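For reference, the structure is listed below as structure tokens.
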Amino acid sequence: MSSIQKVREVLALPKNIIITSHRNPDGDAIGSSLAMMHWLKAMGHRVTVAFPSEFPPLYNWMPGSDQVLIYDLDTEALNTIIDNAEVSIMLDYNSLQRIDKMGERLATKDVFGILIDHHLYPDPLGDYILSDTTASSTCEMVYHFMREFEHGPAIDTKIGDCLYTGIITDTGSFQYATSARLFRTVADLKDLGVDNHYLHQLIFQTMEEKNLRLLGHCIYNRMEILEEYQTGLFFLNKHDYQVFDIQRGDTEGIVNYLLKLKKVKCAVFFRQQQTIVKISFRSKSDFSVEEIAKNYFNGGGHRNAAGGYWKKSLGSAIDKLKEILPLYKEELNKSIYL
Ligand code: 5GP
Ligand code: MN
């Protein structure tokens, strides 16, 4: 594997660089990609940011978000860009499967690859791999990657805003996956002029009315509590998608509300999308939903936040969860304080 010295050499002269992140990009995927784009452009590189699918409009305020290309929509243009790329930077994902068809195209290219990610079990992707499963976010890692370049471009407020976005979205505003190092990093960002109060408003206080009503619908009509297993679930069917005109990103964050219940340690959110049932998992303390997502729902992620999918009906996905929960009963009921 290459060293950081080799990365410095590769980036010493202007290159065609493609930055990619995962399907359904979240704050960390978008923040890390845009921060990296601004920084590399300041170095003189030609940079494209590409995601497999669109990002929620909530992030439209982010500097550079208007330049992002979406593989689902700009396939031809992106194929050409991938074919001409000399460097590929893969952010916030651990396997090319997470970027679908774009990954198949990228895999055919002989480029210098850099992977920066904090998910468990990263595939050996690229020539330089920065994998730290203890990092709060890819944004935190990107900040330290940038700091490795003594004579690199300044990390300005624009870059800081992007990095801070990924940090607060991936930590649930500093609730989990934090460390002393993270707080030092955030102190540095604050020194750079990042306005955390304003960013919190942009990210967490810009909901549309229909989204708050959808949250109410989930809580009032689509919630089931499995007390025996300290588990709570929400589900949305195809009809709900029509009635609430649910678009990409509209269901983001809803699963976390289940964790507000004292009696819920494991939270699961099933969404019946066009062809699959998409599932989000969240948990408290040391209960690993990553294991459940990986073993039973074709997914993965982190101990306390994971995702996956199910190819059959919504009902059978929920049944599957109910079938496996007894295997975790003891662990779910073993509690320290909660
Ligand atoms: P979310 O529930 O917010 O979509 O995802 C939570 C976490 O699980 C994120 O870290 C995300 O990367 C991961 N994740 C979500 N869906 C999948 C999936 O289908 N496969 C894998 N491996 N990870 C996923
Ligand atoms: Mn992340």
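Letters A, B, ... mark the chains of the structure tokens in the order given; residue numbers begin at 1 per chain; ligand numbers begin at 1, in order shown.
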
Which chains and residue numbers are within 8 Å of ligand 2, counting only C-alpha atoms and all ligand atoms, if I want them as a PDB file with all heavy atoms, in the first residue's frame?
```pdb
ATOM      1  N   ASP A  26     -25.632  11.170   2.582  1.00  0.00           N
ATOM      2  CA  ASP A  26     -26.060  11.885   3.788  1.00  0.00           C
ATOM      3  C   ASP A  26     -25.108  13.056   4.023  1.00  0.00           C
ATOM      4  O   ASP A  26     -24.228  13.339   3.205  1.00  0.00           O
ATOM      5  CB  ASP A  26     -26.087  10.922   4.981  1.00  0.00           C
ATOM      6  CG  ASP A  26     -24.749  10.209   5.179  1.00  0.00           C
ATOM      7  OD1 ASP A  26     -23.746  10.608   4.546  1.00  0.00           O
ATOM      8  OD2 ASP A  26     -24.695   9.254   5.973  1.00  0.00           O
ATOM      9  N   GLY A  27     -25.283  13.721   5.165  1.00  0.00           N
ATOM     10  CA  GLY A  27     -24.477  14.906   5.448  1.00  0.00           C
ATOM     11  C   GLY A  27     -22.981  14.627   5.415  1.00  0.00           C
ATOM     12  O   GLY A  27     -22.189  15.462   4.960  1.00  0.00           O
ATOM     13  N   ASP A  28     -22.594  13.447   5.886  1.00  0.00           N
ATOM     14  CA  ASP A  28     -21.165  13.117   5.924  1.00  0.00           C
ATOM     15  C   ASP A  28     -20.628  12.842   4.512  1.00  0.00           C
ATOM     16  O   ASP A  28     -19.529  13.280   4.169  1.00  0.00           O
ATOM     17  CB  ASP A  28     -20.957  11.889   6.820  1.00  0.00           C
ATOM     18  CG  ASP A  28     -19.501  11.650   7.173  1.00  0.00           C
ATOM     19  OD1 ASP A  28     -18.742  12.640   7.241  1.00  0.00           O
ATOM     20  OD2 ASP A  28     -19.131  10.488   7.387  1.00  0.00           O
ATOM     21  N   ALA A  29     -21.420  12.138   3.716  1.00  0.00           N
ATOM     22  CA  ALA A  29     -21.005  11.852   2.335  1.00  0.00           C
ATOM     23  C   ALA A  29     -20.852  13.155   1.547  1.00  0.00           C
ATOM     24  O   ALA A  29     -19.831  13.378   0.871  1.00  0.00           O
ATOM     25  CB  ALA A  29     -22.042  10.954   1.663  1.00  0.00           C
ATOM     26  N   ASP A  92     -16.434   7.821   2.578  1.00  0.00           N
ATOM     27  CA  ASP A  92     -17.591   7.410   3.386  1.00  0.00           C
ATOM     28  C   ASP A  92     -18.286   6.152   2.875  1.00  0.00           C
ATOM     29  O   ASP A  92     -19.487   6.004   3.056  1.00  0.00           O
ATOM     30  CB  ASP A  92     -18.599   8.576   3.509  1.00  0.00           C
ATOM     31  CG  ASP A  92     -19.532   8.407   4.706  1.00  0.00           C
ATOM     32  OD1 ASP A  92     -19.052   7.967   5.760  1.00  0.00           O
ATOM     33  OD2 ASP A  92     -20.729   8.707   4.585  1.00  0.00           O
ATOM     34  N   TYR A  93     -17.557   5.266   2.241  1.00  0.00           N
ATOM     35  CA  TYR A  93     -18.124   3.943   1.946  1.00  0.00           C
ATOM     36  C   TYR A  93     -17.008   2.910   1.946  1.00  0.00           C
ATOM     37  O   TYR A  93     -15.834   3.248   1.803  1.00  0.00           O
ATOM     38  CB  TYR A  93     -18.918   3.941   0.635  1.00  0.00           C
ATOM     39  CG  TYR A  93     -18.153   4.232  -0.641  1.00  0.00           C
ATOM     40  CD1 TYR A  93     -17.677   3.201  -1.440  1.00  0.00           C
ATOM     41  CD2 TYR A  93     -17.937   5.534  -1.064  1.00  0.00           C
ATOM     42  CE1 TYR A  93     -17.013   3.460  -2.637  1.00  0.00           C
ATOM     43  CE2 TYR A  93     -17.276   5.802  -2.256  1.00  0.00           C
ATOM     44  CZ  TYR A  93     -16.818   4.756  -3.034  1.00  0.00           C
ATOM     45  OH  TYR A  93     -16.168   5.015  -4.204  1.00  0.00           O
ATOM     46  N   ASP A 117     -12.569   6.363   5.059  1.00  0.00           N
ATOM     47  CA  ASP A 117     -13.863   5.849   5.505  1.00  0.00           C
ATOM     48  C   ASP A 117     -13.834   5.411   6.972  1.00  0.00           C
ATOM     49  O   ASP A 117     -12.791   5.025   7.481  1.00  0.00           O
ATOM     50  CB  ASP A 117     -14.268   4.660   4.624  1.00  0.00           C
ATOM     51  CG  ASP A 117     -15.602   4.080   5.047  1.00  0.00           C
ATOM     52  OD1 ASP A 117     -16.557   4.860   5.200  1.00  0.00           O
ATOM     53  OD2 ASP A 117     -15.684   2.852   5.258  1.00  0.00           O
ATOM     54  N   HIS A 118     -15.000   5.436   7.594  1.00  0.00           N
ATOM     55  CA  HIS A 118     -15.068   5.017   9.001  1.00  0.00           C
ATOM     56  C   HIS A 118     -16.036   3.858   9.228  1.00  0.00           C
ATOM     57  O   HIS A 118     -16.401   3.582  10.375  1.00  0.00           O
ATOM     58  CB  HIS A 118     -15.432   6.221   9.890  1.00  0.00           C
ATOM     59  CG  HIS A 118     -16.818   6.752   9.686  1.00  0.00           C
ATOM     60  ND1 HIS A 118     -17.661   7.042  10.723  1.00  0.00           N
ATOM     61  CD2 HIS A 118     -17.507   7.059   8.566  1.00  0.00           C
ATOM     62  CE1 HIS A 118     -18.810   7.502  10.239  1.00  0.00           C
ATOM     63  NE2 HIS A 118     -18.736   7.527   8.937  1.00  0.00           N
ATOM     64  N   HIS A 119     -16.476   3.200   8.150  1.00  0.00           N
ATOM     65  CA  HIS A 119     -17.365   2.045   8.315  1.00  0.00           C
ATOM     66  C   HIS A 119     -16.545   0.789   8.661  1.00  0.00           C
ATOM     67  O   HIS A 119     -15.369   0.697   8.306  1.00  0.00           O
ATOM     68  CB  HIS A 119     -18.171   1.803   7.038  1.00  0.00           C
ATOM     69  CG  HIS A 119     -19.173   2.878   6.770  1.00  0.00           C
ATOM     70  ND1 HIS A 119     -18.877   3.991   6.026  1.00  0.00           N
ATOM     71  CD2 HIS A 119     -20.454   3.012   7.167  1.00  0.00           C
ATOM     72  CE1 HIS A 119     -19.941   4.772   5.972  1.00  0.00           C
ATOM     73  NE2 HIS A 119     -20.916   4.205   6.656  1.00  0.00           N
ATOM     74  N   SER A 136     -15.625   9.594  14.177  1.00  0.00           N
ATOM     75  CA  SER A 136     -17.049   9.949  14.226  1.00  0.00           C
ATOM     76  C   SER A 136     -17.661   9.961  12.841  1.00  0.00           C
ATOM     77  O   SER A 136     -18.832   9.667  12.661  1.00  0.00           O
ATOM     78  CB  SER A 136     -17.192  11.358  14.806  1.00  0.00           C
ATOM     79  OG  SER A 136     -16.602  12.305  13.923  1.00  0.00           O
ATOM     80  N   SER A 137     -16.830  10.345  11.871  1.00  0.00           N
ATOM     81  CA  SER A 137     -17.358  10.644  10.544  1.00  0.00           C
ATOM     82  C   SER A 137     -16.192  10.651   9.565  1.00  0.00           C
ATOM     83  O   SER A 137     -15.027  10.769   9.973  1.00  0.00           O
ATOM     84  CB  SER A 137     -17.988  12.038  10.556  1.00  0.00           C
ATOM     85  OG  SER A 137     -17.038  12.973  11.067  1.00  0.00           O
ATOM     86  N   THR A 138     -16.533  10.557   8.303  1.00  0.00           N
ATOM     87  CA  THR A 138     -15.484  10.695   7.291  1.00  0.00           C
ATOM     88  C   THR A 138     -14.970  12.133   7.296  1.00  0.00           C
ATOM     89  O   THR A 138     -13.798  12.384   7.051  1.00  0.00           O
ATOM     90  CB  THR A 138     -16.021  10.279   5.903  1.00  0.00           C
ATOM     91  OG1 THR A 138     -16.434   8.922   6.010  1.00  0.00           O
ATOM     92  CG2 THR A 138     -14.969  10.403   4.826  1.00  0.00           C
ATOM     93  N   CYS A 139     -15.856  13.081   7.595  1.00  0.00           N
ATOM     94  CA  CYS A 139     -15.434  14.483   7.639  1.00  0.00           C
ATOM     95  C   CYS A 139     -14.311  14.698   8.657  1.00  0.00           C
ATOM     96  O   CYS A 139     -13.356  15.436   8.387  1.00  0.00           O
ATOM     97  CB  CYS A 139     -16.624  15.386   7.950  1.00  0.00           C
ATOM     98  SG  CYS A 139     -17.652  15.682   6.504  1.00  0.00           S
ATOM     99  N   GLY A 166     -20.892  17.181   8.171  1.00  0.00           N
ATOM    100  CA  GLY A 166     -20.773  15.721   8.272  1.00  0.00           C
ATOM    101  C   GLY A 166     -20.601  15.267   9.702  1.00  0.00           C
ATOM    102  O   GLY A 166     -21.116  14.216  10.108  1.00  0.00           O
ATOM    103  N   ASP A 170     -23.457  12.899  11.399  1.00  0.00           N
ATOM    104  CA  ASP A 170     -23.055  11.526  11.742  1.00  0.00           C
ATOM    105  C   ASP A 170     -22.991  11.265  13.251  1.00  0.00           C
ATOM    106  O   ASP A 170     -23.043  10.121  13.672  1.00  0.00           O
ATOM    107  CB  ASP A 170     -21.702  11.175  11.098  1.00  0.00           C
ATOM    108  CG  ASP A 170     -21.889  10.344   9.842  1.00  0.00           C
ATOM    109  OD1 ASP A 170     -22.948  10.474   9.199  1.00  0.00           O
ATOM    110  OD2 ASP A 170     -20.996   9.536   9.495  1.00  0.00           O
TER     111      ASP A 170
END
```

Could you list, as number ranges by chain, all the residues within 6 Å of ligand 1, counting only C-alpha atoms and all ligand atoms? A: 280-281, 299-302, 305-309

State, in Å with one decimal place, the distance from atom CA of A:Asp161 to atom CA of A:Leu199.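 These atoms are spaced 7.6 Å apart.
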
Shell around A:Asp123 at 10 Å using only C-alpha atoms, local window under 3 positions removed, as a PyMOL selection string: chain A and resi 93-96+115+120+126+129+131

Enumerate, as JSON, numbers by chain, the complete set of residues in stretch 41-288 of chain A that a backbone-based DSSP assignment places in strand (DSSP E). {"A": [46, 47, 48, 49, 50, 51, 69, 70, 87, 88, 89, 90, 91, 112, 113, 114, 115, 116, 117, 128, 129, 130, 131, 223, 224, 225, 226, 231, 232, 233, 234, 235, 236, 266, 267, 268, 269, 270, 271, 272, 277, 278, 279, 280, 281, 282, 283]}

Pull the closest atom pair for each residue of stretch 191-224 of chain A that gets at most 10 Å from stretch 250-257 of chain A, along with the distance in Å to one decimal, counting only C-alpha atoms, ordering rows by chain and then ascending residue number, as CSV.
```
residue,atom,partner,partner_atom,distance
A:Phe204,CA,A:Gly253,CA,9.9
A:Met207,CA,A:Asp250,CA,9.2
A:Glu208,CA,A:Asp250,CA,9.3
A:Lys210,CA,A:Asp250,CA,9.0
A:Asn211,CA,A:Asp250,CA,6.4
A:Leu212,CA,A:Ile254,CA,9.6
A:Leu214,CA,A:Thr251,CA,8.3
A:Leu215,CA,A:Ile254,CA,6.4
A:Gly216,CA,A:Ile254,CA,9.8
A:Cys218,CA,A:Ile254,CA,8.2
A:Ile219,CA,A:Tyr257,CA,8.4
```

Could you pull out all residues of stretch 29-276 of chain A with a DSSP call of helix (DSSP H, G or I) and give them as a ChimeraX atom specification? /A:29-42,57-59,65-67,75-84,96-107,138-147,157-170,180-191,196-204,209-221,227-229,238-243,254-260

Which residues come within 10 Å of A:Leu321, counting only C-alpha atoms, excluding same-chain residues fewer than 5 positions away, as a PyMOL selection string? chain A and resi 233+268+292+296-297+316+326

Writing out the chosen residues with N, CA, C and O atoms as a PDB file, in the first residue's frame:
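Writing done, so here's selection-v8.pdb:
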```
ATOM      1  N   LEU A 233     -40.554  -0.195  16.232  1.00  0.00           N
ATOM      2  CA  LEU A 233     -40.435  -0.086  14.781  1.00  0.00           C
ATOM      3  C   LEU A 233     -41.449   0.889  14.209  1.00  0.00           C
ATOM      4  O   LEU A 233     -42.526   1.100  14.769  1.00  0.00           O
ATOM      5  N   VAL A 268     -36.096   0.273  14.530  1.00  0.00           N
ATOM      6  CA  VAL A 268     -36.031  -0.177  13.137  1.00  0.00           C
ATOM      7  C   VAL A 268     -37.110   0.544  12.327  1.00  0.00           C
ATOM      8  O   VAL A 268     -38.243   0.691  12.780  1.00  0.00           O
ATOM      9  N   ILE A 292     -27.170  -7.188  12.986  1.00  0.00           N
ATOM     10  CA  ILE A 292     -28.485  -7.596  12.463  1.00  0.00           C
ATOM     11  C   ILE A 292     -28.607  -7.190  10.993  1.00  0.00           C
ATOM     12  O   ILE A 292     -29.037  -7.972  10.141  1.00  0.00           O
ATOM     13  N   TYR A 296     -28.877 -10.363   8.395  1.00  0.00           N
ATOM     14  CA  TYR A 296     -30.229 -10.709   7.936  1.00  0.00           C
ATOM     15  C   TYR A 296     -30.810  -9.779   6.878  1.00  0.00           C
ATOM     16  O   TYR A 296     -31.801 -10.116   6.241  1.00  0.00           O
ATOM     17  N   PHE A 297     -30.214  -8.591   6.699  1.00  0.00           N
ATOM     18  CA  PHE A 297     -30.858  -7.631   5.803  1.00  0.00           C
ATOM     19  C   PHE A 297     -29.901  -7.030   4.766  1.00  0.00           C
ATOM     20  O   PHE A 297     -30.041  -5.875   4.386  1.00  0.00           O
ATOM     21  N   SER A 316     -43.255  -9.222   5.179  1.00  0.00           N
ATOM     22  CA  SER A 316     -42.293 -10.300   5.441  1.00  0.00           C
ATOM     23  C   SER A 316     -40.993  -9.743   6.029  1.00  0.00           C
ATOM     24  O   SER A 316     -40.292 -10.442   6.764  1.00  0.00           O
ATOM     25  N   PRO A 326     -35.890 -12.878  19.083  1.00  0.00           N
ATOM     26  CA  PRO A 326     -35.667 -13.766  20.232  1.00  0.00           C
ATOM     27  C   PRO A 326     -34.198 -14.165  20.407  1.00  0.00           C
ATOM     28  O   PRO A 326     -33.738 -14.372  21.529  1.00  0.00           O
TER      29      PRO A 326
END
```

Non-local contacts of A:Met102 (10 Å; only C-alpha atoms; under 5 positions in same chain excluded) as a PDB file with all heavy atoms, in the first residue's frame:
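File written: part.pdb
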```
ATOM      1  N   THR A  20     -16.052  10.220  -5.160  1.00  0.00           N
ATOM      2  CA  THR A  20     -17.355   9.554  -5.114  1.00  0.00           C
ATOM      3  C   THR A  20     -17.753   9.265  -3.671  1.00  0.00           C
ATOM      4  O   THR A  20     -16.899   9.100  -2.800  1.00  0.00           O
ATOM      5  CB  THR A  20     -17.322   8.207  -5.877  1.00  0.00           C
ATOM      6  OG1 THR A  20     -16.221   7.430  -5.395  1.00  0.00           O
ATOM      7  CG2 THR A  20     -17.179   8.421  -7.369  1.00  0.00           C
ATOM      8  N   ALA A  50     -19.164  13.006  -7.603  1.00  0.00           N
ATOM      9  CA  ALA A  50     -20.251  12.201  -8.167  1.00  0.00           C
ATOM     10  C   ALA A  50     -20.854  11.285  -7.114  1.00  0.00           C
ATOM     11  O   ALA A  50     -20.142  10.632  -6.359  1.00  0.00           O
ATOM     12  CB  ALA A  50     -19.725  11.362  -9.325  1.00  0.00           C
ATOM     13  N   PHE A  51     -22.196  11.273  -7.084  1.00  0.00           N
ATOM     14  CA  PHE A  51     -22.924  10.334  -6.217  1.00  0.00           C
ATOM     15  C   PHE A  51     -23.798   9.449  -7.101  1.00  0.00           C
ATOM     16  O   PHE A  51     -24.278   9.911  -8.140  1.00  0.00           O
ATOM     17  CB  PHE A  51     -23.830  11.083  -5.231  1.00  0.00           C
ATOM     18  CG  PHE A  51     -23.121  12.096  -4.356  1.00  0.00           C
ATOM     19  CD1 PHE A  51     -23.669  13.355  -4.136  1.00  0.00           C
ATOM     20  CD2 PHE A  51     -21.914  11.777  -3.737  1.00  0.00           C
ATOM     21  CE1 PHE A  51     -23.033  14.280  -3.317  1.00  0.00           C
ATOM     22  CE2 PHE A  51     -21.271  12.692  -2.917  1.00  0.00           C
ATOM     23  CZ  PHE A  51     -21.832  13.948  -2.713  1.00  0.00           C
ATOM     24  N   PRO A  52     -24.064   8.218  -6.678  1.00  0.00           N
ATOM     25  CA  PRO A  52     -24.941   7.349  -7.487  1.00  0.00           C
ATOM     26  C   PRO A  52     -26.347   7.929  -7.613  1.00  0.00           C
ATOM     27  O   PRO A  52     -26.962   7.853  -8.660  1.00  0.00           O
ATOM     28  CB  PRO A  52     -24.980   6.045  -6.694  1.00  0.00           C
ATOM     29  CG  PRO A  52     -23.820   6.099  -5.768  1.00  0.00           C
ATOM     30  CD  PRO A  52     -23.539   7.539  -5.497  1.00  0.00           C
ATOM     31  N   ILE A  70     -24.810  13.389 -10.682  1.00  0.00           N
ATOM     32  CA  ILE A  70     -25.506  12.204 -10.158  1.00  0.00           C
ATOM     33  C   ILE A  70     -25.482  11.116 -11.229  1.00  0.00           C
ATOM     34  O   ILE A  70     -25.951  11.337 -12.356  1.00  0.00           O
ATOM     35  CB  ILE A  70     -26.975  12.567  -9.803  1.00  0.00           C
ATOM     36  CG1 ILE A  70     -27.034  13.777  -8.861  1.00  0.00           C
ATOM     37  CG2 ILE A  70     -27.714  11.352  -9.243  1.00  0.00           C
ATOM     38  CD1 ILE A  70     -26.391  13.587  -7.515  1.00  0.00           C
ATOM     39  N   TYR A  71     -24.949   9.969 -10.870  1.00  0.00           N
ATOM     40  CA  TYR A  71     -24.770   8.906 -11.873  1.00  0.00           C
ATOM     41  C   TYR A  71     -26.103   8.448 -12.475  1.00  0.00           C
ATOM     42  O   TYR A  71     -26.192   8.193 -13.672  1.00  0.00           O
ATOM     43  CB  TYR A  71     -24.025   7.709 -11.268  1.00  0.00           C
ATOM     44  CG  TYR A  71     -23.418   6.811 -12.323  1.00  0.00           C
ATOM     45  CD1 TYR A  71     -22.273   7.202 -13.024  1.00  0.00           C
ATOM     46  CD2 TYR A  71     -23.993   5.590 -12.643  1.00  0.00           C
ATOM     47  CE1 TYR A  71     -21.720   6.393 -14.000  1.00  0.00           C
ATOM     48  CE2 TYR A  71     -23.438   4.770 -13.623  1.00  0.00           C
ATOM     49  CZ  TYR A  71     -22.305   5.177 -14.296  1.00  0.00           C
ATOM     50  OH  TYR A  71     -21.759   4.383 -15.278  1.00  0.00           O
ATOM     51  N   ASP A  72     -27.149   8.392 -11.647  1.00  0.00           N
ATOM     52  CA  ASP A  72     -28.474   8.002 -12.159  1.00  0.00           C
ATOM     53  C   ASP A  72     -28.948   8.958 -13.256  1.00  0.00           C
ATOM     54  O   ASP A  72     -29.697   8.554 -14.144  1.00  0.00           O
ATOM     55  CB  ASP A  72     -29.525   8.053 -11.031  1.00  0.00           C
ATOM     56  CG  ASP A  72     -29.451   6.842 -10.112  1.00  0.00           C
ATOM     57  OD1 ASP A  72     -28.716   5.892 -10.434  1.00  0.00           O
ATOM     58  OD2 ASP A  72     -30.133   6.857  -9.072  1.00  0.00           O
ATOM     59  N   THR A  75     -25.338   9.819 -16.464  1.00  0.00           N
ATOM     60  CA  THR A  75     -24.516   8.623 -16.653  1.00  0.00           C
ATOM     61  C   THR A  75     -23.437   8.798 -17.721  1.00  0.00           C
ATOM     62  O   THR A  75     -22.261   8.492 -17.483  1.00  0.00           O
ATOM     63  CB  THR A  75     -25.418   7.425 -17.031  1.00  0.00           C
ATOM     64  OG1 THR A  75     -26.567   7.447 -16.194  1.00  0.00           O
ATOM     65  CG2 THR A  75     -24.686   6.111 -16.880  1.00  0.00           C
ATOM     66  N   LEU A  78     -20.694  11.251 -16.828  1.00  0.00           N
ATOM     67  CA  LEU A  78     -19.847  10.706 -15.765  1.00  0.00           C
ATOM     68  C   LEU A  78     -18.982   9.554 -16.257  1.00  0.00           C
ATOM     69  O   LEU A  78     -17.837   9.409 -15.824  1.00  0.00           O
ATOM     70  CB  LEU A  78     -20.690  10.270 -14.571  1.00  0.00           C
ATOM     71  CG  LEU A  78     -20.851  11.375 -13.521  1.00  0.00           C
ATOM     72  CD1 LEU A  78     -21.854  10.979 -12.457  1.00  0.00           C
ATOM     73  CD2 LEU A  78     -19.510  11.726 -12.864  1.00  0.00           C
ATOM     74  N   ASN A  79     -19.498   8.771 -17.180  1.00  0.00           N
ATOM     75  CA  ASN A  79     -18.671   7.696 -17.733  1.00  0.00           C
ATOM     76  C   ASN A  79     -17.413   8.278 -18.374  1.00  0.00           C
ATOM     77  O   ASN A  79     -16.309   7.754 -18.205  1.00  0.00           O
ATOM     78  CB  ASN A  79     -19.463   6.876 -18.755  1.00  0.00           C
ATOM     79  CG  ASN A  79     -20.359   5.862 -18.061  1.00  0.00           C
ATOM     80  OD1 ASN A  79     -20.154   5.546 -16.889  1.00  0.00           O
ATOM     81  ND2 ASN A  79     -21.350   5.367 -18.769  1.00  0.00           N
ATOM     82  N   ILE A  82     -15.118   9.476 -15.628  1.00  0.00           N
ATOM     83  CA  ILE A  82     -14.458   8.325 -14.981  1.00  0.00           C
ATOM     84  C   ILE A  82     -13.340   7.808 -15.891  1.00  0.00           C
ATOM     85  O   ILE A  82     -12.222   7.511 -15.443  1.00  0.00           O
ATOM     86  CB  ILE A  82     -15.482   7.209 -14.663  1.00  0.00           C
ATOM     87  CG1 ILE A  82     -16.426   7.664 -13.548  1.00  0.00           C
ATOM     88  CG2 ILE A  82     -14.769   5.908 -14.277  1.00  0.00           C
ATOM     89  CD1 ILE A  82     -17.614   6.739 -13.291  1.00  0.00           C
ATOM     90  N   LEU A  96     -17.305  -1.119  -3.179  1.00  0.00           N
ATOM     91  CA  LEU A  96     -17.788  -0.517  -4.431  1.00  0.00           C
ATOM     92  C   LEU A  96     -19.267  -0.806  -4.663  1.00  0.00           C
ATOM     93  O   LEU A  96     -19.944  -0.095  -5.393  1.00  0.00           O
ATOM     94  CB  LEU A  96     -16.963  -1.013  -5.626  1.00  0.00           C
ATOM     95  CG  LEU A  96     -15.578  -0.363  -5.805  1.00  0.00           C
ATOM     96  CD1 LEU A  96     -14.896  -0.886  -7.046  1.00  0.00           C
ATOM     97  CD2 LEU A  96     -15.660   1.172  -5.863  1.00  0.00           C
ATOM     98  N   GLN A  97     -19.767  -1.850  -3.985  1.00  0.00           N
ATOM     99  CA  GLN A  97     -21.206  -2.153  -4.107  1.00  0.00           C
ATOM    100  C   GLN A  97     -22.073  -0.984  -3.637  1.00  0.00           C
ATOM    101  O   GLN A  97     -23.197  -0.828  -4.091  1.00  0.00           O
ATOM    102  CB  GLN A  97     -21.562  -3.362  -3.252  1.00  0.00           C
ATOM    103  CG  GLN A  97     -21.161  -4.657  -3.914  1.00  0.00           C
ATOM    104  CD  GLN A  97     -21.364  -5.837  -2.986  1.00  0.00           C
ATOM    105  OE1 GLN A  97     -21.954  -5.691  -1.917  1.00  0.00           O
ATOM    106  NE2 GLN A  97     -20.876  -6.977  -3.381  1.00  0.00           N
ATOM    107  N   ALA A 107     -14.272   0.392 -11.286  1.00  0.00           N
ATOM    108  CA  ALA A 107     -13.426  -0.784 -11.066  1.00  0.00           C
ATOM    109  C   ALA A 107     -12.638  -1.157 -12.314  1.00  0.00           C
ATOM    110  O   ALA A 107     -11.597  -1.811 -12.230  1.00  0.00           O
ATOM    111  CB  ALA A 107     -14.288  -1.957 -10.611  1.00  0.00           C
TER     112      ALA A 107
END
```

When distances are computed from only C-alpha atoms, which of A:Ala180, A:Ile318, A:Ile276, A:Met1 shows the smallest separation from A:Ile114?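 Looking only at the distances to A:Ile114, the closest residue turns out to be A:Met1.
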
Neighbours of A:Gly315 within 12 Å (only C-alpha atoms; same-chain residues fewer than 2 positions away dropped), as a compact mmCIF listing (two decimals) with C-alpha atoms, in the first residue's frame?
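Everything below was put into result30.txt:
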```txt
# COMPACT_ATOMS: atom_id res chain seq x y z
CA PHE A 235 -43.04 1.32 8.78
CA LEU A 236 -44.25 3.15 5.70
CA ASN A 237 -46.09 1.40 2.87
CA PHE A 270 -39.05 -0.14 7.26
CA ARG A 271 -39.85 1.79 4.07
CA GLN A 272 -41.57 0.09 1.17
CA VAL A 277 -37.93 -2.43 1.43
CA TRP A 310 -35.22 -6.63 1.87
CA LYS A 311 -36.37 -7.82 -1.52
CA LYS A 312 -39.74 -9.30 -0.57
CA SER A 313 -42.85 -7.70 0.93
CA ALA A 317 -39.48 -7.87 6.32
CA ILE A 318 -41.21 -7.05 9.61
CA ASP A 319 -41.89 -10.75 10.20
CA LYS A 320 -38.20 -11.50 9.65
CA LEU A 321 -37.25 -8.98 12.32
CA LYS A 322 -39.76 -10.52 14.73
```
